[in-house]
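run-v9.txt (compact mmCIF, C-alpha atoms)
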```txt
# COMPACT_ATOMS: atom_id res chain seq x y z
CA MET A 1120 1.34 4.93 47.20
CA ASP A 1121 1.91 6.24 43.67
CA ILE A 1122 -0.12 3.67 41.73
CA ALA A 1123 1.17 4.70 38.30
CA ARG A 1124 4.80 4.51 39.42
CA GLU A 1125 4.36 1.03 40.90
CA LEU A 1126 2.52 -0.22 37.81
CA LEU A 1127 5.44 0.92 35.65
CA ARG A 1128 7.92 -0.66 38.06
CA GLU A 1129 6.08 -3.96 37.82
CA ARG A 1130 5.71 -3.78 34.06
CA TYR A 1131 9.33 -3.01 33.23
CA PHE A 1132 11.55 -4.09 36.11
CA THR A 1133 10.22 -7.54 36.99
CA ASN A 1134 11.62 -9.36 33.94
CA LEU A 1135 15.21 -8.13 34.08
CA LYS A 1136 17.56 -11.05 33.50
CA GLN A 1137 19.68 -12.73 36.14
CA SER A 1138 22.43 -13.78 33.73
CA ASP A 1139 24.63 -11.52 31.63
CA ASP A 1140 24.66 -13.99 28.71
CA LEU A 1141 24.15 -12.13 25.44
CA PHE A 1142 21.51 -13.29 23.00
CA VAL A 1143 20.20 -11.29 20.07
CA GLY A 1144 16.68 -10.40 19.03
CA ILE A 1145 16.75 -8.75 15.61
CA GLU A 1146 13.95 -6.98 13.75
CA LEU A 1147 14.38 -5.73 10.20
CA GLU A 1148 11.78 -3.54 8.50
CA LEU A 1149 12.11 -3.18 4.73
CA PRO A 1150 10.07 -1.11 2.29
CA ILE A 1151 8.43 -2.68 -0.74
CA VAL A 1152 8.85 -0.61 -3.90
CA HIS A 1153 7.17 -0.71 -7.28
CA LEU A 1154 10.13 -0.42 -9.65
CA THR A 1155 8.09 1.62 -12.14
CA GLY A 1156 7.83 4.37 -9.53
CA GLN A 1157 4.12 3.83 -9.10
CA ALA A 1158 2.24 2.82 -5.96
CA VAL A 1159 2.79 -0.67 -4.62
CA GLU A 1160 0.10 -3.03 -5.89
CA PHE A 1161 -1.46 -4.76 -2.90
CA SER A 1162 -2.40 -7.76 -5.02
CA VAL A 1163 1.32 -8.40 -5.52
CA VAL A 1164 2.22 -8.35 -1.83
CA PHE A 1165 -0.86 -10.36 -0.86
CA ASP A 1166 0.10 -12.99 -3.42
CA LEU A 1167 3.63 -12.97 -1.97
CA PHE A 1168 2.27 -14.11 1.39
CA ASP A 1169 0.26 -16.87 -0.28
CA GLN A 1170 3.34 -18.13 -2.08
CA LEU A 1171 5.52 -17.95 1.03
CA VAL A 1172 3.16 -20.29 2.83
CA GLU A 1173 3.32 -22.68 -0.12
CA GLN A 1174 7.10 -22.63 -0.59
CA LEU A 1175 8.49 -22.26 2.94
CA PRO A 1176 7.69 -23.84 6.33
CA LEU A 1177 5.54 -20.87 7.33
CA SER A 1178 2.00 -20.73 8.66
CA ILE A 1179 -0.55 -17.95 8.86
CA GLU A 1180 -0.61 -16.57 12.40
CA LYS A 1181 -2.77 -13.47 11.90
CA ALA A 1182 -5.17 -12.18 9.28
CA ASP A 1183 -6.63 -8.71 8.85
CA ASP A 1184 -10.30 -7.81 9.07
CA ASN A 1185 -10.70 -8.77 5.41
CA GLY A 1186 -9.25 -12.24 5.90
CA GLN A 1187 -5.91 -11.41 4.27
CA ALA A 1188 -2.87 -12.99 5.95
CA ILE A 1189 -0.78 -10.26 7.58
CA GLN A 1190 1.57 -12.25 9.83
CA LEU A 1191 3.33 -15.52 9.14
CA VAL A 1192 5.21 -17.62 11.68
CA SER A 1193 7.93 -20.16 11.03
CA ASP A 1194 7.06 -23.78 11.74
CA GLU A 1195 10.68 -24.38 12.76
CA THR A 1196 11.82 -21.24 14.59
CA ASP A 1197 10.18 -18.30 16.35
CA ASP A 1198 10.61 -16.08 13.27
CA ARG A 1199 7.74 -13.94 12.00
CA ILE A 1200 7.18 -12.09 8.74
CA LEU A 1201 4.49 -9.44 8.86
CA PHE A 1202 3.13 -6.23 7.42
CA GLU A 1203 4.23 -3.37 9.66
CA VAL A 1204 1.64 -0.59 10.10
CA GLY A 1205 0.81 -0.53 6.36
CA TYR A 1206 0.94 -2.92 3.45
CA ASN A 1207 4.08 -1.37 1.93
CA THR A 1208 6.48 -2.50 4.68
CA LEU A 1209 7.53 -6.02 5.62
CA GLU A 1210 9.03 -6.74 9.02
CA PHE A 1211 11.22 -9.72 9.76
CA ALA A 1212 11.00 -10.34 13.50
CA PHE A 1213 13.51 -13.09 14.21
CA GLY A 1214 13.30 -15.36 17.20
CA LYS A 1215 15.90 -15.01 19.95
CA ALA A 1216 19.24 -16.34 18.71
CA GLU A 1217 22.74 -16.95 20.02
CA THR A 1218 24.54 -15.47 17.00
CA ILE A 1219 23.95 -12.99 14.21
CA GLY A 1220 25.05 -15.58 11.67
CA GLU A 1221 22.15 -17.92 12.34
CA VAL A 1222 19.71 -15.03 11.89
CA GLU A 1223 21.36 -13.99 8.64
CA LYS A 1224 21.11 -17.53 7.30
CA ARG A 1225 17.36 -17.59 7.86
CA PHE A 1226 16.97 -14.09 6.42
CA LEU A 1227 18.75 -15.03 3.21
CA THR A 1228 16.57 -18.13 2.90
CA TYR A 1229 13.46 -15.95 3.04
CA LEU A 1230 14.87 -13.40 0.58
CA ALA A 1231 15.85 -16.10 -1.90
CA VAL A 1232 12.16 -16.96 -2.27
CA MET A 1233 10.67 -13.49 -1.87
CA GLN A 1234 12.75 -11.31 -4.16
CA PRO A 1235 12.21 -13.32 -7.38
CA ILE A 1236 8.47 -13.41 -6.74
CA LEU A 1237 8.39 -9.64 -6.32
CA LYS A 1238 10.86 -8.85 -9.12
CA ASN A 1239 8.81 -10.90 -11.58
CA ARG A 1240 6.05 -8.33 -11.06
CA ASP A 1241 8.26 -5.22 -10.98
CA HIS A 1242 8.34 -5.02 -7.19
CA LEU A 1243 11.22 -5.44 -4.76
CA LEU A 1244 12.19 -5.31 -1.10
CA THR A 1245 14.89 -2.70 -0.71
CA GLY A 1246 17.08 -1.21 2.01
CA PHE A 1247 15.87 2.29 2.87
CA GLY A 1248 14.69 3.83 6.12
CA VAL A 1249 11.87 5.58 4.30
CA ASN A 1250 10.02 4.27 1.26
CA PRO A 1251 11.39 6.23 -1.73
CA PHE A 1252 7.89 6.32 -3.21
CA TRP A 1253 6.15 7.22 0.03
CA ASP A 1254 4.27 10.01 -1.71
CA LYS A 1255 2.92 7.67 -4.41
CA ASN A 1256 1.89 4.71 -2.24
CA ASP A 1257 -1.42 3.93 -0.62
CA ASN A 1258 -0.38 4.35 3.01
CA ARG A 1259 -3.56 3.12 4.64
CA PRO A 1260 -3.08 1.14 7.86
CA VAL A 1261 -3.26 -2.62 7.93
CA ALA A 1262 -6.91 -3.51 8.52
CA SER A 1263 -6.52 -4.56 12.14
CA PRO A 1264 -7.48 -2.70 15.34
CA ARG A 1265 -3.93 -2.00 16.53
CA TYR A 1266 -2.71 -0.31 13.38
CA GLU A 1267 -5.97 1.49 12.66
CA MET A 1268 -5.94 2.83 16.21
CA LEU A 1269 -2.34 3.98 15.89
CA MET A 1270 -2.94 5.94 12.71
CA ALA A 1271 -6.18 7.42 14.02
CA TYR A 1272 -4.32 8.53 17.16
CA LEU A 1273 -1.61 10.22 15.12
CA LYS A 1274 -4.27 12.13 13.21
CA LEU A 1275 -5.24 13.84 16.47
CA GLY A 1276 -2.21 16.03 15.91
CA ALA A 1277 -3.88 17.97 13.09
CA GLY A 1278 -4.09 21.61 14.10
CA ARG A 1279 -2.20 21.28 17.39
CA ASP A 1280 0.48 23.87 18.08
CA ASP A 1281 2.79 21.26 19.65
CA VAL A 1282 2.64 18.83 16.71
CA HIS A 1283 4.55 19.77 13.56
CA VAL A 1284 4.33 16.59 11.45
CA SER A 1285 1.81 16.86 8.63
CA HIS A 1286 1.96 13.19 7.60
CA ALA A 1287 -0.02 11.30 10.24
CA ASN A 1288 0.40 8.11 8.19
CA TYR A 1289 4.20 8.18 8.46
CA GLY A 1290 4.23 4.85 10.29
CA ALA A 1291 3.33 3.21 6.98
CA PHE A 1292 6.42 4.47 5.14
CA ILE A 1293 9.33 4.58 7.62
CA GLN A 1294 11.50 1.57 8.37
CA GLY A 1295 14.00 0.75 11.09
CA SER A 1296 16.61 -1.82 12.03
CA GLN A 1297 16.28 -2.87 15.66
CA ILE A 1298 18.06 -5.19 18.03
CA GLN A 1299 17.09 -6.29 21.52
CA LEU A 1300 19.70 -7.38 24.04
CA ASP A 1301 19.08 -8.89 27.46
CA VAL A 1302 19.87 -6.66 30.43
CA THR A 1303 20.23 -7.24 34.15
CA SER A 1304 19.45 -4.93 37.06
CA GLU A 1305 23.21 -4.27 37.29
CA ASN A 1306 23.87 -3.29 33.68
CA LEU A 1307 20.54 -1.67 32.79
CA LEU A 1308 21.56 1.90 33.62
CA PRO A 1309 25.06 1.71 32.09
CA THR A 1310 23.42 0.34 28.95
CA LEU A 1311 20.88 3.15 28.74
CA ASN A 1312 23.39 5.89 29.52
CA THR A 1313 26.25 4.80 27.26
CA PHE A 1314 24.22 4.03 24.16
CA ASN A 1315 22.24 7.24 24.63
CA ALA A 1316 25.51 9.16 24.61
CA ILE A 1317 26.46 7.93 21.14
CA GLU A 1318 23.19 8.79 19.42
CA PRO A 1319 24.94 11.67 17.58
CA ILE A 1320 27.45 9.20 16.13
CA LYS A 1321 24.78 6.68 15.20
CA ALA A 1322 22.84 9.50 13.55
CA TRP A 1323 25.63 9.86 11.02
CA LEU A 1324 26.73 6.23 10.77
CA PHE A 1325 23.29 4.73 10.08
CA ALA A 1326 21.53 7.67 8.38
CA ASN A 1327 19.28 6.28 5.64
CA SER A 1328 15.88 7.95 5.75
CA TYR A 1329 16.15 11.04 3.61
CA LEU A 1330 12.58 12.06 2.68
CA TRP A 1331 12.59 11.96 -1.09
CA ASN A 1332 10.43 14.73 -2.60
CA GLY A 1333 9.89 16.09 0.92
CA GLN A 1334 10.86 19.28 2.68
CA LEU A 1335 12.92 17.97 5.60
CA ASP A 1336 16.57 19.01 5.79
CA THR A 1337 17.72 15.82 7.46
CA LEU A 1338 19.05 12.40 6.54
CA ILE A 1339 16.91 10.84 9.30
CA SER A 1340 13.32 11.88 8.69
CA ARG A 1341 12.25 9.10 11.05
CA ASP A 1342 13.48 11.18 13.99
CA VAL A 1343 11.36 14.15 12.96
CA PHE A 1344 8.26 12.02 12.50
CA TRP A 1345 8.60 10.33 15.88
CA GLU A 1346 9.56 13.38 17.90
CA GLU A 1347 7.29 16.00 16.33
CA SER A 1348 4.13 13.90 16.07
CA MET A 1349 1.60 12.91 18.74
CA HIS A 1350 4.20 10.46 20.06
CA GLY A 1351 6.43 13.37 21.02
CA VAL A 1352 3.90 15.65 22.72
CA PHE A 1353 5.78 14.76 25.91
CA PRO A 1354 9.50 14.76 25.08
CA GLU A 1355 10.19 11.90 27.50
CA ASN A 1356 7.98 9.61 25.41
CA THR A 1357 10.28 9.28 22.42
CA GLY A 1358 13.75 9.99 21.12
CA VAL A 1359 17.02 10.54 22.93
CA PHE A 1360 17.04 10.67 26.73
CA THR A 1361 17.49 14.24 27.93
CA GLU A 1362 19.29 13.17 31.10
CA THR A 1363 21.66 10.59 32.53
CA PHE A 1364 20.23 8.13 35.04
CA ASP A 1365 22.04 7.78 38.37
CA ASP A 1366 19.89 5.00 39.79
CA PRO A 1367 16.77 2.97 38.92
CA GLU A 1368 14.50 5.47 40.61
CA THR A 1369 15.62 8.35 38.39
CA PHE A 1370 14.87 6.20 35.35
CA LEU A 1371 11.49 5.35 36.83
CA ASP A 1372 10.89 9.07 37.32
CA TYR A 1373 11.49 9.47 33.60
CA LEU A 1374 9.06 6.68 32.73
CA THR A 1375 6.32 8.31 34.78
CA ARG A 1376 6.50 11.27 32.39
CA THR A 1377 5.82 9.07 29.34
CA ALA A 1378 2.36 8.83 27.83
CA LEU A 1379 -0.68 6.62 27.80
CA PHE A 1380 -3.03 7.08 24.85
CA THR A 1381 -4.87 3.82 24.25
CA ARG A 1382 -6.95 1.05 25.77
CA THR A 1383 -7.51 -2.25 24.00
CA SER A 1384 -9.92 -5.12 24.43
CA GLU A 1385 -10.39 -8.40 22.59
CA THR A 1386 -12.72 -6.74 20.10
CA ASN A 1387 -11.82 -3.06 19.99
CA ALA A 1388 -9.19 -0.41 20.51
CA TYR A 1389 -9.76 3.04 21.91
CA TYR A 1390 -7.55 6.10 21.85
CA PHE A 1391 -7.44 9.47 23.53
CA GLU A 1392 -5.29 12.56 23.92
CA PRO A 1393 -1.96 11.56 25.53
CA ILE A 1394 -1.77 11.69 29.31
CA GLN A 1395 1.46 11.40 31.26
CA ALA A 1396 1.53 8.29 33.40
CA THR A 1397 2.11 10.28 36.58
CA ASP A 1398 -1.10 12.23 35.92
CA TYR A 1399 -3.25 9.34 34.72
CA PHE A 1400 -5.18 8.57 37.88
CA ASN A 1401 -5.84 12.26 38.51
CA HIS A 1402 -8.49 12.02 35.81
CA ASP A 1403 -11.92 10.78 36.82
CA GLU A 1404 -12.98 10.48 33.20
CA ILE A 1405 -11.08 10.37 29.91
CA PRO A 1406 -12.79 11.45 26.66
CA ALA A 1407 -11.91 8.84 24.04
CA PHE A 1408 -12.73 7.55 20.57
CA ASP A 1409 -13.35 4.14 19.05
CA LEU A 1410 -12.13 3.09 15.61
CA VAL A 1411 -15.19 4.42 13.80
CA GLY A 1412 -14.86 7.81 15.46
CA ASN A 1413 -17.57 7.51 18.09
CA ASP A 1414 -17.04 9.47 21.30
CA LEU A 1415 -17.02 7.67 24.62
CA VAL A 1416 -15.78 8.18 28.14
CA LEU A 1417 -13.27 5.88 29.84
CA THR A 1418 -12.53 5.54 33.53
CA PRO A 1419 -8.79 5.18 34.27
CA SER A 1420 -7.86 1.62 35.19
CA PRO A 1421 -4.63 -0.15 36.15
CA PHE A 1422 -5.44 -2.43 33.21
CA ASP A 1423 -4.54 0.43 30.85
CA PHE A 1424 -0.89 0.15 31.85
CA LYS A 1425 -0.75 -3.25 30.18
CA THR A 1426 -0.67 -1.41 26.85
CA HIS A 1427 1.76 1.29 27.98
CA ARG A 1428 4.63 1.69 25.58
CA SER A 1429 7.15 4.45 25.17
CA TYR A 1430 9.35 5.03 22.15
CA GLN A 1431 12.75 6.07 23.43
CA TYR A 1432 15.70 5.18 21.24
CA GLN A 1433 17.06 3.01 24.09
CA ASN A 1434 13.79 1.39 25.08
CA LEU A 1435 13.40 -0.92 28.08
CA THR A 1436 10.88 -3.59 27.11
CA THR A 1437 8.66 -5.81 29.20
CA ARG A 1438 10.78 -8.81 28.19
CA GLY A 1439 13.84 -7.75 30.17
CA THR A 1440 15.63 -6.40 27.11
CA VAL A 1441 16.74 -3.03 25.89
CA GLU A 1442 15.57 -2.41 22.35
CA PHE A 1443 17.79 -0.11 20.32
CA ARG A 1444 15.41 1.54 17.91
CA SER A 1445 17.05 4.69 16.52
CA SER A 1446 18.71 3.18 13.44
CA CYS A 1447 17.25 3.42 9.97
CA ALA A 1448 16.80 0.28 7.90
CA GLN A 1449 20.05 -0.37 6.06
CA PRO A 1450 20.89 -1.46 2.52
CA ILE A 1451 20.07 -5.15 2.42
CA SER A 1452 23.70 -6.21 2.02
CA SER A 1453 24.41 -4.33 5.27
CA SER A 1454 21.33 -5.47 7.17
CA PHE A 1455 23.22 -6.81 10.17
CA THR A 1456 25.59 -3.90 10.72
CA VAL A 1457 23.23 -2.39 13.32
CA ALA A 1458 23.02 -5.61 15.30
CA ALA A 1459 26.77 -6.20 15.18
CA PHE A 1460 27.58 -2.64 16.25
CA HIS A 1461 25.35 -2.77 19.34
CA LEU A 1462 26.23 -6.34 20.25
CA GLY A 1463 29.96 -5.71 20.10
CA LEU A 1464 29.74 -2.61 22.29
CA MET A 1465 27.47 -4.38 24.75
CA GLN A 1466 30.04 -7.15 25.08
CA GLU A 1467 32.60 -4.50 26.11
CA LEU A 1468 30.25 -2.41 28.26
CA SER A 1469 32.84 -1.42 30.89
CA ALA A 1470 35.35 -0.30 28.28
CA PHE A 1471 32.51 1.42 26.45
CA GLU A 1472 31.65 3.41 29.58
CA ALA A 1473 35.29 4.49 29.92
CA LEU A 1474 35.45 5.56 26.28
CA ILE A 1475 32.30 7.67 26.62
CA ALA A 1476 33.46 9.25 29.87
CA ASN A 1477 36.66 10.67 28.42
CA HIS A 1478 36.26 11.03 24.67
CA ALA A 1479 37.46 14.30 23.16
CA PHE A 1480 34.33 14.54 20.99
CA TYR A 1481 32.32 15.71 23.99
CA GLU A 1482 34.91 18.32 24.94
CA ASP A 1483 34.34 19.95 21.56
CA TYR A 1484 30.59 19.48 21.20
CA GLY A 1485 29.17 19.11 24.71
CA ARG A 1486 26.65 16.54 25.90
CA ASP A 1487 23.27 17.78 24.76
CA TYR A 1488 22.59 14.44 23.10
CA PRO A 1489 19.18 15.24 21.54
CA LYS A 1490 20.54 18.44 19.99
CA LEU A 1491 23.70 16.70 18.78
CA ARG A 1492 21.73 13.88 17.14
CA ARG A 1493 19.86 16.44 15.05
CA ARG A 1494 23.10 18.29 14.29
CA PHE A 1495 24.87 15.22 12.93
CA SER A 1496 21.93 14.04 10.81
CA VAL A 1497 21.94 17.02 8.44
CA PRO A 1498 23.16 16.53 4.85
CA ASP A 1499 25.76 19.34 4.90
CA LEU A 1500 28.16 18.76 7.76
CA SER A 1501 31.30 20.86 7.74
CA SER A 1502 34.58 19.09 6.98
CA GLU A 1503 35.57 19.49 10.63
CA GLU A 1504 32.31 17.97 11.88
CA LEU A 1505 32.65 15.11 9.42
CA ASP A 1506 36.21 14.44 10.55
CA ASP A 1507 35.19 14.44 14.21
CA VAL A 1508 32.15 12.20 13.86
CA THR A 1509 33.98 9.65 11.71
CA LYS A 1510 36.95 9.56 14.10
CA PHE A 1511 34.61 8.81 17.00
CA ALA A 1512 32.76 6.25 14.89
CA LYS A 1513 36.09 4.54 14.15
CA ASP A 1514 36.87 4.34 17.88
CA LEU A 1515 33.47 2.78 18.54
CA LEU A 1516 33.88 0.30 15.68
CA ASP A 1517 37.28 -0.75 16.97
CA LEU A 1518 35.79 -1.43 20.40
CA ALA A 1519 32.82 -3.27 18.89
CA THR A 1520 35.28 -5.40 16.93
CA VAL A 1521 37.04 -6.39 20.15
CA GLY A 1522 33.73 -7.40 21.70
CA LEU A 1523 32.59 -9.44 18.71
CA GLU A 1524 35.94 -11.22 18.41
CA LYS A 1525 35.74 -12.17 22.09
CA ARG A 1526 32.39 -13.84 21.40
CA GLY A 1527 34.15 -16.14 18.95
CA PHE A 1528 31.40 -16.46 16.32
CA GLY A 1529 33.03 -14.57 13.45
CA GLU A 1530 30.59 -11.69 13.80
CA ALA A 1531 33.14 -8.90 13.34
CA LYS A 1532 32.74 -9.30 9.57
CA TYR A 1533 29.38 -7.54 9.82
CA LEU A 1534 31.18 -4.30 10.68
CA ALA A 1535 33.04 -4.17 7.34
CA ALA A 1536 30.47 -1.92 5.69
CA LEU A 1537 30.65 0.50 8.62
CA TYR A 1538 34.43 0.74 8.37
CA GLN A 1539 33.96 1.52 4.69
CA ARG A 1540 31.55 4.34 5.55
CA VAL A 1541 34.09 5.82 7.94
CA LYS A 1542 36.84 5.54 5.32
CA THR A 1543 34.82 7.18 2.52
CA LYS A 1544 32.90 9.50 4.88
CA GLU A 1545 29.75 8.49 3.05
CA ASN A 1546 26.74 7.00 4.85
CA PRO A 1547 23.85 5.31 2.98
CA ALA A 1548 21.74 8.46 2.70
CA ILE A 1549 24.63 10.46 1.25
CA LYS A 1550 25.47 7.56 -1.06
CA ALA A 1551 21.90 7.56 -2.37
CA LEU A 1552 21.96 11.33 -2.92
CA HIS A 1553 25.24 11.03 -4.82
CA LEU A 1554 23.76 8.29 -7.00
CA LEU A 1555 20.78 10.53 -7.72
CA GLU A 1556 23.10 13.38 -8.68
CA ALA A 1557 24.94 10.98 -10.99
CA GLY A 1558 21.72 10.38 -12.93
CA LYS A 1559 20.38 7.23 -11.28
CA THR A 1560 16.63 7.07 -10.77
CA LEU A 1561 15.05 6.19 -7.42
CA SER A 1562 14.06 2.84 -8.89
CA GLU A 1563 17.64 2.13 -9.91
CA ILE A 1564 18.92 3.19 -6.51
CA SER A 1565 16.32 0.92 -4.91
CA GLU A 1566 17.77 -2.01 -6.84
CA ILE A 1567 21.31 -1.08 -5.78
CA PHE A 1568 20.20 -0.89 -2.14
CA ALA A 1569 18.40 -4.22 -2.51
CA ASP A 1570 21.30 -6.37 -3.67
CA GLY A 1571 24.39 -4.22 -4.13
CA LYS A 1572 27.74 -4.46 -2.46
CA ASP A 1573 28.29 -3.24 1.08
CA ILE A 1574 27.04 0.32 1.45
```

Structure encoded using structure tokens:
Amino acid sequence: MDIARELLRERYFTNLKQSDDLFVGIELELPIVHLTGQAVEFSVVFDLFDQLVEQLPLSIEKADDNGQAIQLVSDETDDRILFEVGYNTLEFAFGKAETIGEVEKRFLTYLAVMQPILKNRDHLLTGFGVNPFWDKNDNRPVASPRYEMLMAYLKLGAGRDDVHVSHANYGAFIQGSQIQLDVTSENLLPTLNTFNAIEPIKAWLFANSYLWNGQLDTLISRDVFWEESMHGVFPENTGVFTETFDDPETFLDYLTRTALFTRTSETNAYYFEPIQATDYFNHDEIPAFDLVGNDLVLTPSPFDFKTHRSYQYQNLTTRGTVEFRSSCAQPISSSFTVAAFHLGLMQELSAFEALIANHAFYEDYGRDYPKLRRRFSVPDLSSEELDDVTKFAKDLLDLATVGLEKRGFGEAKYLAALYQRVKTKENPAIKALHLLEAGKTLSEISEIFADGKDI
């Protein structure tokens, strides 16, 4: 018996849902900026957490190794507010909900308290997929084993020929907008295949992580960081799927080529050079490191698969959901466009499959989805490419609108900003670059992306 394969089957396939009811699990990551253009002051964001506990029904759920609160939980819902990887990013991880509207209501309640506290001290939460002052900030990891391990692991890429990212601390300055939707054994593969096929369109529609003062010729630096770092040593471990899955076993084949790189205990976290799951038990010993850099040797154990996690852009989770994780964080006024887009298409999955199967876009550009995602995330698309990607985006938005209207919760309104992008042929990253060319500073653009009109 292939032990690794069966461990992955148990981990990911056992919690698939029996019902096709659609609930939403939304996660929003937002960068904190110092509006003077300097590094974020940790004293400001630490004080923010103290005040949130005083002013809202929130409790401290986790603290870092220094005793500082790093994760708050709602006393009324399953919402959490936490520092993500570093102290310059806040994540809003909302509890499972029936509608987008109820999540938005809670989000706005949090922002109404948070933004004045931050603004009073020249800080702000804003809507970018990469912190505009990433090169000024202190990007140390949150002082907790998980995040310290992650950043130490990424530093293993220094000097490797197959790793091209020079910023091992990138996890502390990139931000995403993610949604999880329940899947069943029947709709899992159609979900993975169809959404994977539109990654080139999403690349343009949600592009918002241009690396300010960097050297990357892309509007989605997050892709480069994920795929060309230690996470992408094995291409199956992150990014766009390179193949279409015909049955559950072919998807499981793909998962066996993803990586293991860590073992955790109650008191420590260890990391090691990535090993493909299919090869894991062929190792008698695994050279590893603890968080202070000491060498040790681990013996492969089935227990290690409890921390297995891959980073595909359509990611099957252990909760019986698919997490869509390729979209940059959006301008705050457009925070729920990502959720609405995916939810609407998921509601119309059969029609979505038919649209993907026959769309003219693929006749012109082919179906090398990873290559096409990179192609449509560059700043200088030709007029023909821009016409084609926006036409396809419009078709997808129209279908998503049908799905959301069928749900009957008034959620189609969250697509308005996306229709505007298609009309103007200007996504958030391009909008920000145009504002910069017009003489706006990054601080001013940060304020526009924090509370401006739909972008």

In Å to one decimal, how far is atom CA of A:Pro1319 from atom CA of A:Gln1539?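 Computing the Euclidean distance for atom CA of A:Gln1539 and atom CA of A:Pro1319 yields 18.7 Å.
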
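Minimum atom-to-atom distances from A:Leu1127, A:Leu1500, A:Leu1273, A:Leu1244 to A:Gly1290 were compared using all atoms listed in the file, and the lowest value belongs to A:Leu1273.
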
I want to know what sits within 12 Å of A:Glu1503, based on all atoms listed in the file, with residues of the same chain fewer than 6 positions away left out; could you give that as a PyMOL selection string? chain A and resi 1480+1483-1484+1495+1509-1510+1544

Near stretch 1556-1568 of chain A, counting all atoms listed in the file, which residues have an atom at most 6 Å away, once you skip same-chain residues fewer than 6 positions from it, shown as a PDB file with C-alpha atoms, in the coordinates of the input?
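Below you can see part.pdb, which holds the result:
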```pdb
ATOM      1  CA  LEU A1154      10.130  -0.420  -9.650  1.00  0.00           C
ATOM      2  CA  THR A1245      14.890  -2.700  -0.710  1.00  0.00           C
ATOM      3  CA  GLY A1246      17.080  -1.210   2.010  1.00  0.00           C
ATOM      4  CA  PRO A1450      20.890  -1.460   2.520  1.00  0.00           C
TER       5      PRO A1450
END
```

Choose the residue, out of A:Phe1161, A:Phe1292, A:Tyr1266, A:Phe1142, that has the smallest atom-to-atom separation from A:Gly1439; count all atoms listed in the file.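 Answer, going by the shortest atom-to-atom distance: A:Phe1142.
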
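Relative to atom CA of A:Phe1424, atom CA of A:Ile1145 is found at 25.6 Å.
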
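If only C-alpha atoms are the atoms counted, then among A:Pro1498, A:Gly1220, A:Gly1463, A:Gly1351 the closest residue to A:Leu1523 is A:Gly1463.
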
Answer as a CSV table (one decimal) with C-alpha atoms, in the coordinates of the input, residues within 10 Å of (8.6, 5.3, 6.3) using only C-alpha atoms:
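Output file out.csv is given in full below:
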```
chain,number,residue,atom,x,y,z
A,1148,GLU,CA,11.8,-3.5,8.5
A,1149,LEU,CA,12.1,-3.2,4.7
A,1150,PRO,CA,10.1,-1.1,2.3
A,1204,VAL,CA,1.6,-0.6,10.1
A,1205,GLY,CA,0.8,-0.5,6.4
A,1207,ASN,CA,4.1,-1.4,1.9
A,1208,THR,CA,6.5,-2.5,4.7
A,1247,PHE,CA,15.9,2.3,2.9
A,1248,GLY,CA,14.7,3.8,6.1
A,1249,VAL,CA,11.9,5.6,4.3
A,1250,ASN,CA,10.0,4.3,1.3
A,1251,PRO,CA,11.4,6.2,-1.7
A,1252,PHE,CA,7.9,6.3,-3.2
A,1253,TRP,CA,6.2,7.2,0.0
A,1258,ASN,CA,-0.4,4.4,3.0
A,1288,ASN,CA,0.4,8.1,8.2
A,1289,TYR,CA,4.2,8.2,8.5
A,1290,GLY,CA,4.2,4.8,10.3
A,1291,ALA,CA,3.3,3.2,7.0
A,1292,PHE,CA,6.4,4.5,5.1
A,1293,ILE,CA,9.3,4.6,7.6
A,1294,GLN,CA,11.5,1.6,8.4
A,1295,GLY,CA,14.0,0.8,11.1
A,1328,SER,CA,15.9,8.0,5.8
A,1329,TYR,CA,16.2,11.0,3.6
A,1330,LEU,CA,12.6,12.1,2.7
A,1340,SER,CA,13.3,11.9,8.7
A,1341,ARG,CA,12.2,9.1,11.0
A,1344,PHE,CA,8.3,12.0,12.5
A,1447,CYS,CA,17.2,3.4,10.0
A,1448,ALA,CA,16.8,0.3,7.9
```

Please compute the atom CA of A:Thr1357-atom CA of A:Leu1491 distance, one decimal, in Å.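 Computing the Euclidean distance for atom CA of A:Thr1357 and atom CA of A:Leu1491 yields 15.8 Å.
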
I'd like to know which of A:Val1222, A:Leu1126, A:Met1270, A:Val1302 is closest to A:Gln1433, using all atoms listed in the file.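 With all atoms listed in the file as the atom set, the closest residue is A:Val1302.
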
Counting all atoms listed in the file, which of A:Thr1543, A:Thr1386, A:Thr1456, A:Thr1381 gets nearest to A:Pro1406? A:Thr1381

Give the answer as one residue: which of A:Leu1237, A:Thr1218, A:Ala1262, A:Leu1230 has the shortest atom-to-atom distance to A:Gly1529, using all atoms listed in the file?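 So, comparing all the options, the nearest one is A:Thr1218.
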
Once you add 4 Å to each side, what are the centre and edge lengths of the axis-aligned box holding all listed atoms of stretch 1197-1215 of chain A? One decimal in Å, as JSON, if you can.
```
{"center_x": 8.4, "center_y": -9.4, "center_z": 10.9, "size_x": 23.1, "size_y": 25.8, "size_z": 26.0}
```

Tell me which residues come within 12 Å of (0.4, 0.0, 27.9), as a PyMOL selection string, counting only C-alpha atoms in the file's coordinates. chain A and resi 1123+1126-1127+1130-1131+1374+1377-1383+1390+1394-1396+1420-1430+1436-1437
